[in-house]
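Peer 1: This is protein.txt (compact mmCIF, C-alpha atoms).
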# COMPACT_ATOMS: atom_id res chain seq x y z
CA MET M 234 0.00 0.00 0.00
CA ILE M 235 3.05 2.22 -0.30
CA SER M 236 1.63 3.69 -3.49
CA LEU M 237 -1.39 4.97 -1.64
CA VAL M 238 0.64 6.95 0.82
CA GLN M 239 -0.47 10.49 0.37
CA LEU M 240 1.48 13.66 0.52
CA ALA M 241 0.33 15.97 3.26
CA SER M 242 0.55 19.48 1.96
CA GLU M 243 0.42 22.47 4.20
CA GLU M 244 -0.18 25.04 1.49
CA LYS M 245 -3.58 25.87 0.05
CA GLN M 246 -4.38 23.52 -2.82
CA ASN M 247 -6.24 24.45 -5.98
CA PRO M 248 -6.94 21.37 -8.06
CA LEU M 249 -7.61 23.50 -11.16
CA ILE M 250 -4.12 24.97 -11.38
CA PRO M 251 -1.95 22.63 -13.43
CA ALA M 252 1.49 21.87 -12.09
CA ILE M 253 4.14 22.58 -14.70
CA PRO M 254 6.19 19.37 -14.21
CA GLU M 255 3.07 17.23 -14.62
CA LEU M 256 2.03 19.25 -17.65
CA VAL M 257 5.42 18.75 -19.27
CA ILE M 258 5.58 15.03 -18.55
CA GLY M 259 1.98 14.60 -19.69
CA LEU M 260 2.67 16.37 -22.99
CA ILE M 261 5.83 14.33 -23.54
CA ALA M 262 3.88 11.13 -22.88
CA PHE M 263 1.23 12.22 -25.35
CA VAL M 264 3.70 13.28 -28.01
CA ILE M 265 5.29 9.83 -27.82
CA VAL M 266 1.91 8.20 -28.40
CA PHE M 267 0.99 10.62 -31.17
CA GLY M 268 4.34 10.18 -32.92
CA PHE M 269 4.01 6.42 -33.05
CA PHE M 270 0.45 6.62 -34.31
CA ALA M 271 1.10 9.31 -36.92
CA LYS M 272 4.38 7.95 -38.26
CA LYS M 273 4.09 4.22 -37.87
CA PHE M 274 0.91 2.52 -36.75
CA LEU M 275 -1.71 4.30 -38.81
CA PRO M 276 0.26 4.39 -42.10
CA ASN M 277 0.93 0.67 -41.59
CA ILE M 278 -2.64 -0.29 -40.91
CA ASN M 279 -4.09 2.05 -43.54
CA LYS M 280 -1.93 0.39 -46.16
CA VAL M 281 -3.15 -3.03 -45.12
CA LEU M 282 -6.78 -1.89 -44.94
CA GLU M 283 -6.47 -0.48 -48.44
CA GLU M 284 -4.88 -3.70 -49.67
CA ARG M 285 -7.64 -5.68 -48.03
CA ARG M 286 -10.31 -3.52 -49.63
CA GLU M 287 -8.66 -3.98 -53.01
CA ALA M 288 -8.31 -7.71 -52.44
CA ILE M 289 -12.00 -8.01 -51.66
CA GLU M 290 -13.11 -5.82 -54.53
CA GLY M 291 -10.58 -7.47 -56.84
CA GLY M 292 -11.93 -10.88 -55.83
CA ILE M 293 -15.46 -9.80 -56.62
CA GLU M 294 -14.36 -8.34 -59.93
CA LYS M 295 -12.48 -11.52 -60.78
CA ALA M 296 -15.49 -13.66 -59.96
CA GLU M 297 -17.69 -11.44 -62.10
CA ALA M 298 -15.23 -11.61 -64.97
CA ALA M 299 -15.06 -15.40 -64.68
CA GLN M 300 -18.82 -15.62 -64.69
CA THR M 301 -19.10 -13.40 -67.74
CA GLU M 302 -16.48 -15.46 -69.51
CA ALA M 303 -18.21 -18.71 -68.61
CA GLN M 304 -21.46 -17.28 -69.92
CA SER M 305 -19.90 -16.20 -73.20
CA VAL M 306 -18.15 -19.55 -73.59
CA LEU M 307 -21.43 -21.33 -72.98
CA GLU M 308 -23.15 -19.20 -75.58
CA GLN M 309 -20.32 -19.77 -78.00
CA TYR M 310 -20.51 -23.49 -77.39
CA LYS M 311 -24.24 -23.51 -77.89
CA ALA M 312 -23.88 -21.54 -81.11
CA GLN M 313 -21.20 -23.93 -82.32
CA LEU M 314 -23.36 -26.90 -81.46
CA ALA M 315 -26.31 -25.47 -83.36
CA GLU M 316 -24.06 -24.68 -86.29
CA ALA M 317 -22.64 -28.20 -86.22
CA ARG M 318 -26.12 -29.69 -86.24
CA HIS M 319 -27.09 -27.45 -89.09
CA GLU M 320 -23.94 -28.42 -90.97
CA ALA M 321 -24.57 -32.09 -90.40
CA ALA M 322 -28.10 -31.78 -91.72
CA ARG M 323 -26.83 -29.88 -94.70
CA LEU M 324 -24.19 -32.51 -95.40
CA ARG M 325 -26.72 -35.30 -95.17
CA GLN M 326 -28.95 -33.47 -97.55
CA GLU M 327 -26.08 -32.88 -99.86
CA ALA M 328 -24.98 -36.51 -99.70
CA GLN M 329 -28.49 -37.66 -100.52
CA GLU M 330 -28.63 -35.33 -103.45
CA GLN M 331 -25.20 -36.39 -104.60
CA GLY M 332 -26.12 -40.07 -104.24
CA ALA M 333 -29.26 -39.61 -106.25
CA GLN M 334 -27.32 -37.76 -108.90
CA LEU M 335 -24.67 -40.47 -108.93
CA ILE M 336 -27.26 -43.16 -109.38
CA ALA M 337 -28.87 -41.21 -112.19
CA GLU M 338 -25.50 -40.67 -113.83
CA MET M 339 -24.60 -44.32 -113.53
CA ARG M 340 -27.91 -45.31 -114.95
CA ALA M 341 -27.41 -42.96 -117.87
CA GLU M 342 -23.91 -44.30 -118.36
CA GLY M 343 -25.16 -47.90 -118.35
CA GLN M 344 -27.82 -46.98 -120.84
CA ARG M 345 -25.25 -45.32 -123.02
CA GLN M 346 -22.85 -48.27 -122.84
CA ARG M 347 -25.64 -50.69 -123.65
CA GLU M 348 -26.64 -48.62 -126.63
CA GLU M 349 -23.03 -48.49 -127.72
CA ILE M 350 -22.70 -52.22 -127.42
CA VAL M 351 -25.93 -52.76 -129.30
CA ALA M 352 -24.87 -50.30 -131.98
CA ALA M 353 -21.48 -51.99 -132.28
CA GLY M 354 -23.26 -55.34 -132.62
CA HIS M 355 -25.51 -53.96 -135.32
CA ALA M 356 -22.54 -52.49 -137.17
CA GLN M 357 -20.70 -55.78 -136.93
CA ILE M 358 -23.72 -57.64 -138.23
CA GLU M 359 -24.11 -55.16 -141.02
CA ALA M 360 -20.44 -55.42 -141.92
CA ASP M 361 -20.65 -59.22 -141.83
CA ARG M 362 -23.75 -59.17 -143.97
CA LYS M 363 -22.12 -56.84 -146.41
CA ALA M 364 -19.02 -58.98 -146.53
CA ALA M 365 -21.23 -62.06 -146.98
CA ALA M 366 -23.26 -60.39 -149.70
CA GLN M 367 -20.05 -59.29 -151.37
CA SER M 368 -18.62 -62.72 -151.24
CA LEU M 369 -21.93 -64.23 -152.29
CA ARG M 370 -22.18 -61.96 -155.28
CA GLN M 371 -18.67 -62.88 -156.38
CA ASP M 372 -19.47 -66.52 -155.91
CA VAL M 373 -22.83 -66.17 -157.65
CA GLY M 374 -21.13 -64.39 -160.57
CA GLN M 375 -18.53 -67.14 -160.76
CA LEU M 376 -21.21 -69.73 -160.54
CA ALA M 377 -23.30 -67.98 -163.13
CA THR M 378 -20.33 -67.83 -165.45
CA ASP M 379 -19.55 -71.46 -164.76
CA LEU M 380 -23.15 -72.39 -165.26
CA ALA M 381 -23.40 -70.39 -168.47
CA GLY M 382 -20.28 -72.08 -169.77
CA LYS M 383 -21.70 -75.48 -168.92
CA LEU M 384 -25.01 -74.59 -170.47
CA VAL M 385 -23.37 -73.46 -173.57
CA GLY M 386 -21.18 -76.56 -173.72
CA GLU M 387 -24.04 -79.00 -173.24
CA SER M 388 -27.00 -79.51 -175.62
CA LEU M 389 -30.02 -77.75 -174.67
CA GLU M 390 -32.48 -80.21 -176.35
CA ASP M 391 -33.05 -82.24 -173.35
CA HIS M 392 -35.29 -80.49 -170.91
CA ALA M 393 -34.65 -83.11 -168.37
CA ARG M 394 -31.00 -82.63 -168.65
CA GLN M 395 -31.59 -78.94 -168.43
CA SER M 396 -33.46 -79.14 -165.16
CA ARG M 397 -30.87 -81.52 -163.81
CA THR M 398 -28.19 -78.93 -164.39
CA ILE M 399 -30.21 -76.33 -162.58
CA ASP M 400 -30.73 -78.62 -159.66
CA ARG M 401 -27.11 -79.42 -159.58
CA PHE M 402 -26.35 -75.68 -159.58
CA LEU M 403 -28.61 -75.00 -156.70
CA ASP M 404 -27.19 -77.85 -154.68
CA GLU M 405 -23.80 -76.61 -155.37
CA LEU M 406 -24.90 -73.12 -154.26
CA GLU M 407 -26.22 -74.44 -151.03
CA GLN M 408 -23.09 -76.37 -150.35
CA LYS M 409 -21.04 -73.22 -150.90
CA ALA M 410 -23.20 -71.17 -148.64
CA GLU M 411 -22.81 -73.80 -145.96
CA ALA M 412 -19.09 -73.88 -146.45
CA ALA M 413 -18.94 -70.05 -146.20
CA ARG M 414 -20.50 -70.18 -142.85
CA MET Y 153 1.48 14.09 8.32
CA SER Y 154 -1.60 15.08 10.29
CA ASN Y 155 -4.23 12.54 11.17
CA ALA Y 156 -6.96 14.23 9.13
CA GLN Y 157 -4.93 13.78 5.94
CA THR Y 158 -4.11 10.14 6.42
CA LEU Y 159 -6.13 7.35 4.85
CA ALA Y 160 -7.63 4.49 6.82
CA PHE Y 161 -5.15 2.01 5.37
CA GLU Y 162 -2.25 3.75 7.00
CA THR Y 163 -3.83 4.17 10.43
CA ASP Y 164 -5.35 0.71 10.73
CA CYS Y 165 -8.09 2.38 12.75
CA HIS Y 166 -11.68 1.15 12.70
CA ILE Y 167 -15.04 2.52 13.84
CA PHE Y 168 -15.78 2.46 17.60
CA GLU Y 169 -12.06 2.71 18.28
CA GLY Y 170 -12.17 6.41 18.98
CA CYS Y 171 -10.89 7.73 15.66
CA GLY Y 172 -12.88 9.73 13.10
CA PHE Y 173 -13.56 8.73 9.50
CA PRO Y 174 -10.44 9.53 7.49
CA THR Y 175 -12.21 11.44 4.73
CA PRO Y 176 -10.47 11.52 1.36
CA GLY Y 177 -9.98 14.96 -0.09
CA LEU Y 178 -7.64 16.99 -2.20
CA HIS Y 179 -4.75 15.44 -0.38
CA SER Y 180 -5.75 12.13 -2.01
CA PHE Y 181 -4.55 13.61 -5.29
CA LEU Y 182 -1.15 14.70 -4.10
CA PHE Y 183 1.74 12.30 -4.00
CA LYS Y 184 5.15 12.19 -2.48
CA PRO Y 185 7.72 12.37 -5.22
CA ILE Y 186 9.13 8.96 -6.13
CA PHE Y 187 12.46 10.62 -6.75
CA THR Y 188 13.72 14.16 -7.16
CA VAL Y 189 16.24 15.27 -9.75
CA GLY Y 190 17.55 18.77 -9.18
CA GLY Y 191 14.29 20.09 -7.76
CA PHE Y 192 12.19 18.23 -10.35
CA GLU Y 193 9.84 15.98 -8.45
CA PHE Y 194 8.87 12.85 -10.29
CA ASN Y 195 5.60 11.57 -8.85
CA LYS Y 196 3.08 8.80 -9.39
CA PRO Y 197 0.83 10.58 -11.95
CA MET Y 198 3.89 11.28 -14.10
CA LEU Y 199 4.97 7.68 -13.85
CA LEU Y 200 1.48 6.49 -14.78
CA ALA Y 201 1.30 8.93 -17.71
CA LEU Y 202 4.56 7.55 -19.09
CA VAL Y 203 3.45 3.97 -18.43
CA SER Y 204 0.24 4.82 -20.32
CA SER Y 205 2.34 5.81 -23.33
CA VAL Y 206 4.25 2.57 -23.08
CA VAL Y 207 1.04 0.53 -22.81
CA VAL Y 208 -0.66 2.25 -25.76
CA VAL Y 209 2.44 2.18 -27.95
CA GLY Y 210 3.21 -1.41 -26.90
CA PHE Y 211 -0.28 -2.63 -27.68
CA PHE Y 212 -0.46 -0.99 -31.06
CA TRP Y 213 3.10 -2.01 -31.83
CA ALA Y 214 2.11 -5.61 -31.31
CA ALA Y 215 -1.06 -5.12 -33.35
CA PHE Y 216 -0.01 -2.78 -36.18
CA ASN Y 217 3.76 -3.15 -36.55
CA LYS Y 218 3.44 -5.89 -39.12
CA PRO Y 219 -0.25 -5.88 -39.97
CA LYS Y 220 -1.62 -8.81 -41.93
CA LEU Y 221 -4.16 -8.82 -44.70
CA ILE Y 222 -6.02 -11.44 -42.73
CA PRO Y 223 -5.83 -10.08 -39.18
CA GLY Y 224 -5.01 -12.07 -36.07
CA LYS Y 225 -7.03 -11.61 -32.88
CA LEU Y 226 -4.91 -8.76 -31.55
CA GLN Y 227 -4.89 -6.91 -34.83
CA MET Y 228 -8.64 -7.38 -35.16
CA VAL Y 229 -9.28 -5.85 -31.71
CA ALA Y 230 -6.96 -2.94 -32.50
CA GLU Y 231 -8.64 -2.46 -35.87
CA ILE Y 232 -12.05 -2.30 -34.21
CA GLY Y 233 -10.74 0.41 -31.83
CA TYR Y 234 -9.14 2.31 -34.68
CA ASP Y 235 -12.22 2.04 -36.85
CA PHE Y 236 -14.43 3.21 -33.97
CA VAL Y 237 -12.48 6.47 -33.67
CA ARG Y 238 -11.92 6.96 -37.38
CA ARG Y 239 -15.38 6.16 -38.67
CA GLY Y 240 -17.45 6.63 -35.52
CA VAL Y 241 -16.04 10.00 -34.49
CA VAL Y 242 -13.84 11.71 -37.08
CA TYR Y 243 -15.71 10.80 -40.28
CA GLU Y 244 -19.03 11.43 -38.54
CA THR Y 245 -18.14 14.99 -37.55
CA LEU Y 246 -15.57 16.11 -40.13
CA GLY Y 247 -16.33 13.91 -43.11
CA LYS Y 248 -13.88 11.60 -44.82
CA LYS Y 249 -12.15 14.25 -46.92
CA GLU Y 250 -11.56 16.92 -44.27
CA GLY Y 251 -11.24 14.51 -41.38
CA GLU Y 252 -8.53 12.20 -42.67
CA LYS Y 253 -5.59 14.27 -41.47
CA TYR Y 254 -7.02 14.60 -37.95
CA VAL Y 255 -7.42 10.82 -37.54
CA PRO Y 256 -3.94 10.21 -36.01
CA LEU Y 257 -4.48 12.96 -33.44
CA MET Y 258 -7.92 11.70 -32.44
CA VAL Y 259 -6.86 8.06 -32.31
CA SER Y 260 -3.85 8.81 -30.11
CA LEU Y 261 -5.89 11.15 -27.89
CA PHE Y 262 -8.60 8.54 -27.41
CA PHE Y 263 -6.36 5.65 -26.48
CA PHE Y 264 -3.98 7.74 -24.39
CA ILE Y 265 -6.81 9.26 -22.36
CA TRP Y 266 -8.63 5.96 -22.03
CA ILE Y 267 -5.59 4.14 -20.69
CA MET Y 268 -4.82 6.99 -18.30
CA ASN Y 269 -8.39 6.82 -17.02
CA LEU Y 270 -8.20 3.07 -16.77
CA TRP Y 271 -5.48 3.17 -14.09
CA SER Y 272 -8.28 4.17 -11.72
CA ILE Y 273 -9.36 0.56 -11.36
CA VAL Y 274 -6.07 -1.22 -11.95
CA PRO Y 275 -4.81 -2.70 -8.66
CA LEU Y 276 -1.71 -1.01 -7.23
CA ALA Y 277 -2.02 1.91 -9.64
CA GLN Y 278 -5.58 2.80 -8.59
CA PHE Y 279 -5.35 6.38 -9.71
CA PRO Y 280 -6.77 8.00 -12.84
CA VAL Y 281 -4.00 10.16 -14.22
CA THR Y 282 -6.55 12.51 -15.82
CA SER Y 283 -7.80 13.48 -12.35
CA VAL Y 284 -4.69 15.62 -12.19
CA ILE Y 285 -5.67 18.80 -14.06
CA ALA Y 286 -2.29 19.14 -15.77
CA LEU Y 287 -2.95 16.25 -18.15
CA PRO Y 288 -6.44 17.17 -19.42
CA ALA Y 289 -5.27 20.81 -19.55
CA GLY Y 290 -2.29 19.94 -21.69
CA LEU Y 291 -4.34 17.84 -24.10
CA ALA Y 292 -7.12 20.43 -24.26
CA ALA Y 293 -4.48 23.06 -25.00
CA ILE Y 294 -3.24 21.03 -27.98
CA VAL Y 295 -6.78 20.82 -29.34
CA TYR Y 296 -7.36 24.53 -28.61
CA ILE Y 297 -4.22 25.65 -30.44
CA LEU Y 298 -5.12 23.35 -33.32
CA TRP Y 299 -8.66 24.54 -33.88
CA VAL Y 300 -7.81 28.23 -33.45
CA SER Y 301 -4.98 27.98 -35.99
CA VAL Y 302 -7.24 26.01 -38.34
CA THR Y 303 -9.84 28.77 -38.07
CA PHE Y 304 -7.41 31.51 -39.11
CA LYS Y 305 -5.78 29.36 -41.76
CA ARG Y 306 -9.13 28.55 -43.34
CA HIS Y 307 -10.83 31.95 -43.11
CA GLY Y 308 -7.98 34.45 -42.90
CA PHE Y 309 -7.55 36.92 -40.05
CA ILE Y 310 -10.84 38.84 -40.39
CA GLY Y 311 -12.83 35.80 -41.42
CA GLY Y 312 -11.34 33.84 -38.54
CA TRP Y 313 -12.50 36.39 -36.02
CA LYS Y 314 -15.90 36.51 -37.65
CA ASN Y 315 -16.07 32.74 -37.33
CA ILE Y 316 -15.04 32.76 -33.68
CA THR Y 317 -17.35 35.62 -32.69
CA GLY Y 318 -20.30 34.39 -34.77
CA TYR Y 319 -20.43 37.71 -36.60
CA ASP Y 320 -23.94 38.17 -37.96
CA ARG Y 321 -25.38 41.62 -38.75
CA SER Y 322 -28.85 40.23 -39.37
CA LEU Y 323 -29.24 39.81 -35.60
CA GLY Y 324 -29.83 43.57 -35.41
CA PRO Y 325 -28.74 45.70 -32.46
CA VAL Y 326 -27.91 42.73 -30.21
CA PHE Y 327 -25.18 41.48 -32.47
CA PRO Y 328 -22.26 43.13 -30.62
CA MET Y 329 -23.46 41.44 -27.44
CA VAL Y 330 -23.76 38.09 -29.25
CA MET Y 331 -20.24 38.58 -30.55
CA PHE Y 332 -18.99 39.23 -27.04
CA PHE Y 333 -20.58 36.11 -25.63
CA GLU Y 334 -19.54 33.97 -28.59
CA PHE Y 335 -15.99 35.15 -28.13
CA LEU Y 336 -16.12 34.43 -24.42
CA SER Y 337 -17.72 31.05 -24.98
CA ASN Y 338 -15.40 29.92 -27.77
CA MET Y 339 -12.05 31.37 -26.79
CA ILE Y 340 -12.10 31.26 -22.99
CA ILE Y 341 -14.80 28.94 -21.64
CA ARG Y 342 -14.49 26.24 -24.29
CA PRO Y 343 -10.91 25.11 -23.56
CA PHE Y 344 -11.58 25.35 -19.86
CA THR Y 345 -14.69 23.16 -19.97
CA HIS Y 346 -13.01 20.79 -22.38
CA ALA Y 347 -10.24 20.09 -19.87
CA VAL Y 348 -12.38 20.28 -16.73
CA ARG Y 349 -15.08 17.96 -18.05
CA LEU Y 350 -12.57 15.13 -18.24
CA PHE Y 351 -10.71 16.14 -15.11
CA ALA Y 352 -13.83 16.54 -12.95
CA ASN Y 353 -15.38 13.27 -14.06
CA MET Y 354 -12.28 11.30 -13.21
CA PHE Y 355 -11.67 13.29 -10.05
CA ALA Y 356 -15.18 12.68 -8.76
CA GLY Y 357 -15.08 9.04 -9.76
CA HIS Y 358 -11.84 8.56 -7.90
CA VAL Y 359 -13.17 10.30 -4.79
CA LEU Y 360 -16.24 8.04 -4.82
CA LEU Y 361 -14.12 4.91 -5.19
CA VAL Y 362 -11.77 6.04 -2.41
CA ILE Y 363 -14.65 6.91 -0.06
CA PHE Y 364 -16.26 3.51 -0.39
CA THR Y 365 -12.93 1.70 -0.24
CA ILE Y 366 -11.88 3.53 2.91
CA ALA Y 367 -15.32 3.09 4.42
CA SER Y 368 -15.19 -0.65 3.79
CA TRP Y 369 -11.99 -0.79 5.81
CA TYR Y 370 -12.99 1.75 8.45
CA LEU Y 371 -16.32 0.05 9.20
CA LEU Y 372 -14.77 -3.37 9.85
CA ASN Y 373 -15.59 -3.49 13.55
CA GLY Y 374 -18.57 -4.92 15.45
CA ILE Y 375 -21.93 -4.09 13.90
CA GLY Y 376 -20.07 -1.97 11.36
CA ILE Y 377 -19.14 -5.13 9.45
CA ALA Y 378 -22.65 -5.21 7.96
CA TYR Y 379 -22.23 -1.66 6.70
CA ALA Y 380 -18.76 -2.51 5.46
CA GLY Y 381 -20.35 -5.20 3.28
CA VAL Y 382 -22.70 -2.64 1.74
CA SER Y 383 -19.81 -0.26 1.22
CA PHE Y 384 -17.75 -2.96 -0.45
CA ALA Y 385 -20.65 -3.81 -2.76
CA MET Y 386 -20.64 -0.12 -3.69
CA VAL Y 387 -16.93 -0.34 -4.44
CA ILE Y 388 -17.66 -3.09 -6.96
CA VAL Y 389 -20.61 -1.22 -8.47
CA MET Y 390 -18.58 1.98 -8.71
CA THR Y 391 -15.67 0.11 -10.26
CA ILE Y 392 -17.93 -1.19 -13.03
CA PHE Y 393 -19.47 2.26 -13.40
CA GLU Y 394 -16.03 3.85 -13.62
CA LEU Y 395 -15.03 1.36 -16.30
CA PHE Y 396 -17.89 2.76 -18.35
CA ILE Y 397 -17.20 6.42 -17.49
CA GLN Y 398 -13.52 6.08 -18.36
CA ALA Y 399 -14.24 5.02 -21.93
CA LEU Y 400 -17.12 7.49 -22.21
CA GLN Y 401 -15.02 10.47 -21.14
CA ALA Y 402 -12.23 9.57 -23.55
CA TYR Y 403 -14.89 9.37 -26.27
CA VAL Y 404 -16.48 12.68 -25.25
CA PHE Y 405 -13.08 14.40 -25.23
CA ILE Y 406 -12.29 13.48 -28.82
CA LEU Y 407 -15.88 14.02 -29.96
CA LEU Y 408 -15.69 17.60 -28.66
CA ALA Y 409 -12.23 18.05 -30.18
CA SER Y 410 -13.59 16.92 -33.55
CA SER Y 411 -16.60 19.19 -33.32
CA TYR Y 412 -14.36 22.18 -32.44
CA ILE Y 413 -12.29 21.49 -35.56
CA GLN Y 414 -15.48 21.04 -37.54
CA GLY Y 415 -16.65 24.46 -36.31
CA ALA Y 416 -13.29 25.94 -37.32
CA LEU Y 417 -13.62 24.53 -40.84
CA ALA Y 418 -17.26 25.51 -41.28
CA GLU Y 419 -18.22 28.67 -43.12
CA HIS Y 420 -19.28 31.46 -40.83
CA HIS Y 421 -22.75 32.78 -41.46
As C-alpha cells, please, write out the structure in this file.

Peer 2:
Amino acid sequence: MISLVQLASEEKQNPLIPAIPELVIGLIAFVIVFGFFAKKFLPNINKVLEERREAIEGGIEKAEAAQTEAQSVLEQYKAQLAEARHEAARLRQEAQEQGAQLIAEMRAEGQRQREEIVAAGHAQIEADRKAAAQSLRQDVGQLATDLAGKLVGESLEDHARQSRTIDRFLDELEQKAEAAR
Amino acid sequence: MSNAQTLAFETDCHIFEGCGFPTPGLHSFLFKPIFTVGGFEFNKPMLLALVSSVVVVGFFWAAFNKPKLIPGKLQMVAEIGYDFVRRGVVYETLGKKEGEKYVPLMVSLFFFIWIMNLWSIVPLAQFPVTSVIALPAGLAAIVYILWVSVTFKRHGFIGGWKNITGYDRSLGPVFPMVMFFEFLSNMIIRPFTHAVRLFANMFAGHVLLVIFTIASWYLLNGIGIAYAGVSFAMVIVMTIFELFIQALQAYVFILLASSYIQGALAEHH
C-alpha cells in the first residue's frame, strides 16, 4: 500500500491549477503516443486496410469476370453446337442429293454403254452381212459364169437334162453357202 | 502528516475505536515524489502517464507493426478500436475528406486518455491520471491551439475572427453582445470546460471509489461489518461504473475536439 501513501501538503491547494512538471511530462507522454500513431501505426494499418479492400473488390471483380467469360463460352458453345447440327443436316442433304445424282449418272452411263454395245453389234452384223453379200455376189457371178459355160457346152435339147443342171447348180450353191459359214 | 490527511489504510483504525472517518480529499490527489532530480519531483501521476504511453504504444506495436491482410485476434481488436475512432467520431463529424488528417491525433488522444483513465481501477495503480488537471489541460491546450490555428488558416484573419465571434449583422442591435458572448464562450470557456469535463469526471469518480474503499476498511468493527459489506458492494458497483465512465469520457473528449475542428472549418454565417 506504499503507493497509496499520500502527501500531506500544508499550502492551500487548488486542483484546477496545473502543475508545470506534470504538464510537461503529460505532454511528452502524449507526443510519444501521437508520434508512433502518426508515423508508424496508422500508415501501416491504412496500407493493409487499403490492400484488403482492393483484395475483396478485386476478388469480386475476378469472380464477375469469370462468370461473364463462362457465360460467353457457354453461348459460343451452344452456337457452335447449333451450327454443327445445321452443318450435319446440310451434309446429309447434300450426300443424298449427290447419291441420287450419282445413281442417275450411272444409270445414264449404263444406258449409253448398252446402246453403244448394241450399236457396235448392229454395225458388226451389217459389216458381216455386207461382206457375206459381197462374197456371195462374187461366188454367184462365178457360178453364173460357170453355169453359163456349162449350159453353152451342153446340148439344150433335153429339158430333163436342163433341169438336172439347174438342180445341180442349186445344190452346189447351197453347199457353198454352208461352207462359207 | 496530520491525522486528518491520512487514509484508513495507513492508520489501521476502525469505527468504535475512537478515531474519526479519514475522509479523502484533495490530499488524495497529491503524491510524495518517487524521486527528485535537481528540484524536479517525479511523482506517481507522471509515472502512470509515461506507463500509459508505453502501454498504448506497446499494444499498437504488437497489433499494427506488421499488420496482416487477414488479421489475427490482436490486430482485429486494434482495428475495431481504430475504426471506432476513425469512422465513428472523425468521419461522422468532419467527413472523410476533411477529417482524414485529424485521424492520427484523435486516435492517439482517445487511447492515451482511455488508458490513463483506466489506471483508476487497476490494482496497485488505482489512480486515474486525468484526475490531475495538468494532463487534461495539456491535451485540451493542444486541441485549442489546433482549432484556433485552423480557423485563421481557413478563413484568414478577419474571417477567422468573424467565425469565432459568430459575426452576424442580421441579428440587429444585439449582435455586438452576441459577438462578445460567442468570443467568451469559444475562446475562454471552451478550452476550460473541455479540460475540466474530463478532469472533474475522473476526479469525482476517484473520490467516490476512495470513499467507499476507505469506508469498507474503516467500518470493519462490530456491527459496522454489515455496513462494510454494503460499502464494499458499492466499491464493486462503482468500479464497473467507472469502467464505463472512463471510456465514455475519452470518447467525449475526442468528440468535442472533432466538433471544435469542424466548427473551425465551417463557413461562418

Peer 1: Taking 2 positions as the minimum chain separation for residues in the same chain, which residues sit within 9 Å of M:Pro254 when counting all atoms listed in the file? Answer as a list in words.

Peer 2: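 Near neighbours after the sequence-gap exclusion: Pro251, Ala252, Leu256, Val257, Ile258 and Gly259 of chain M; Phe192, Glu193, Phe194, Met198 and Ala286 of chain Y.
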
Peer 1: Write out as a PyMOL selection string which residues come within 12 Å of stretch 403-411 of chain M when counting all atoms listed in the file, dropping same-chain ones fewer than 6 positions away.

Peer 2: chain M and resi 365-366+368-377+379-380+396-397

Peer 1: Residues of chain M within 7 Å of chain Y: nearest atom pair and distance (Å, one decimal) for each, counting all atoms listed in the file, sorted by chain and number, as a Markdown table?

Peer 2:
| residue | atom | partner | partner_atom | distance |
| --- | --- | --- | --- | --- |
| M:Ser236 | CA | Y:Leu276 | CA | 6.9 |
| M:Gln239 | CA | Y:Phe183 | CA | 5.2 |
| M:Leu240 | CA | Y:Phe183 | CA | 4.7 |
| M:Ala241 | CA | Y:Met153 | CA | 5.5 |
| M:Pro248 | CA | Y:Ile285 | CA | 6.6 |
| M:Leu249 | CA | Y:Ile285 | CA | 5.9 |
| M:Ile250 | CA | Y:Ile285 | CA | 6.9 |
| M:Pro251 | CA | Y:Ala286 | CA | 4.2 |
| M:Ala252 | CA | Y:Ala286 | CA | 5.9 |
| M:Glu255 | CA | Y:Ala286 | CA | 5.8 |
| M:Leu256 | CA | Y:Ala286 | CA | 4.7 |
| M:Ile258 | CA | Y:Met198 | CA | 6.1 |
| M:Gly259 | CA | Y:Leu287 | CA | 5.4 |
| M:Leu260 | CA | Y:Gly290 | CA | 6.2 |
| M:Ala262 | CA | Y:Leu202 | CA | 5.3 |
| M:Phe263 | CA | Y:Ser205 | CA | 6.8 |
| M:Ile265 | CA | Y:Ser205 | CA | 6.7 |
| M:Val266 | CA | Y:Ser205 | CA | 5.6 |
| M:Phe267 | CA | Y:Ser260 | CA | 5.3 |
| M:Phe269 | CA | Y:Val209 | CA | 6.8 |
| M:Phe270 | CA | Y:Pro256 | CA | 5.9 |
| M:Ala271 | CA | Y:Pro256 | CA | 5.2 |
| M:Phe274 | CA | Y:Phe216 | CA | 5.4 |
| M:Leu275 | CA | Y:Pro256 | CA | 6.9 |
| M:Asn277 | CA | Y:Phe216 | CA | 6.5 |
| M:Ile278 | CA | Y:Phe216 | CA | 6.0 |
| M:Val281 | CA | Y:Leu221 | CA | 5.9 |
| M:Arg285 | CA | Y:Leu221 | CA | 5.7 |

Peer 1: So what do you get for atom CA of Y:Leu270 versus atom CA of Y:Phe393, distance-wise?

Peer 2: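 Separating atom CA of Y:Leu270 from atom CA of Y:Phe393 is a distance of 11.8 Å.
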
Peer 1: For a test of reading the model, state the distance in Å between atom CA of Y:Trp299 and atom CA of Y:Pro328, rounded to one decimal.

Peer 2: 23.3 Å

Peer 1: For Y:Met390, list every protein, DNA or RNA residue within 7 Å, evaluated using all atoms listed in the file, and leave out those in the same chain fewer than 4 positions away; present the list as a list in words.

Peer 2: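 The contact residues come out as Leu361, Met386 and Glu394 of chain Y.
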
Peer 1: Just give me the gap between atom CA of Y:Phe262 and atom CA of Y:Ala402 in Å, one decimal is fine.

Peer 2: 5.4 Å

Peer 1: Report, as lines of an AutoDock Vina configuration file, the axis-aligned box around all atoms of stretch 358-367 of chain M present in the file, extended by 8 Å on each side; give centre and edge lengths in Å to one decimal place.

Peer 2:
center_x = -21.6
center_y = -58.6
center_z = -144.8
size_x = 21.1
size_y = 22.9
size_z = 29.1

Peer 1: Might you pull out every residue within 12 Å of Y:Leu395, with all atoms listed in the file counted and same-chain residues fewer than 6 positions away left off, and present them as a PyMOL selection string?

Peer 2: chain Y and resi 266-274+280+354+357-358+361+388-389+401-402

Peer 1: Between M:Ala413, M:Val351, M:Ala317, M:Leu384, which has the minimum distance to M:Ala364 (counting only C-alpha atoms)?

Peer 2: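 Residue with the minimum atom-to-atom distance to M:Ala364: M:Ala413.
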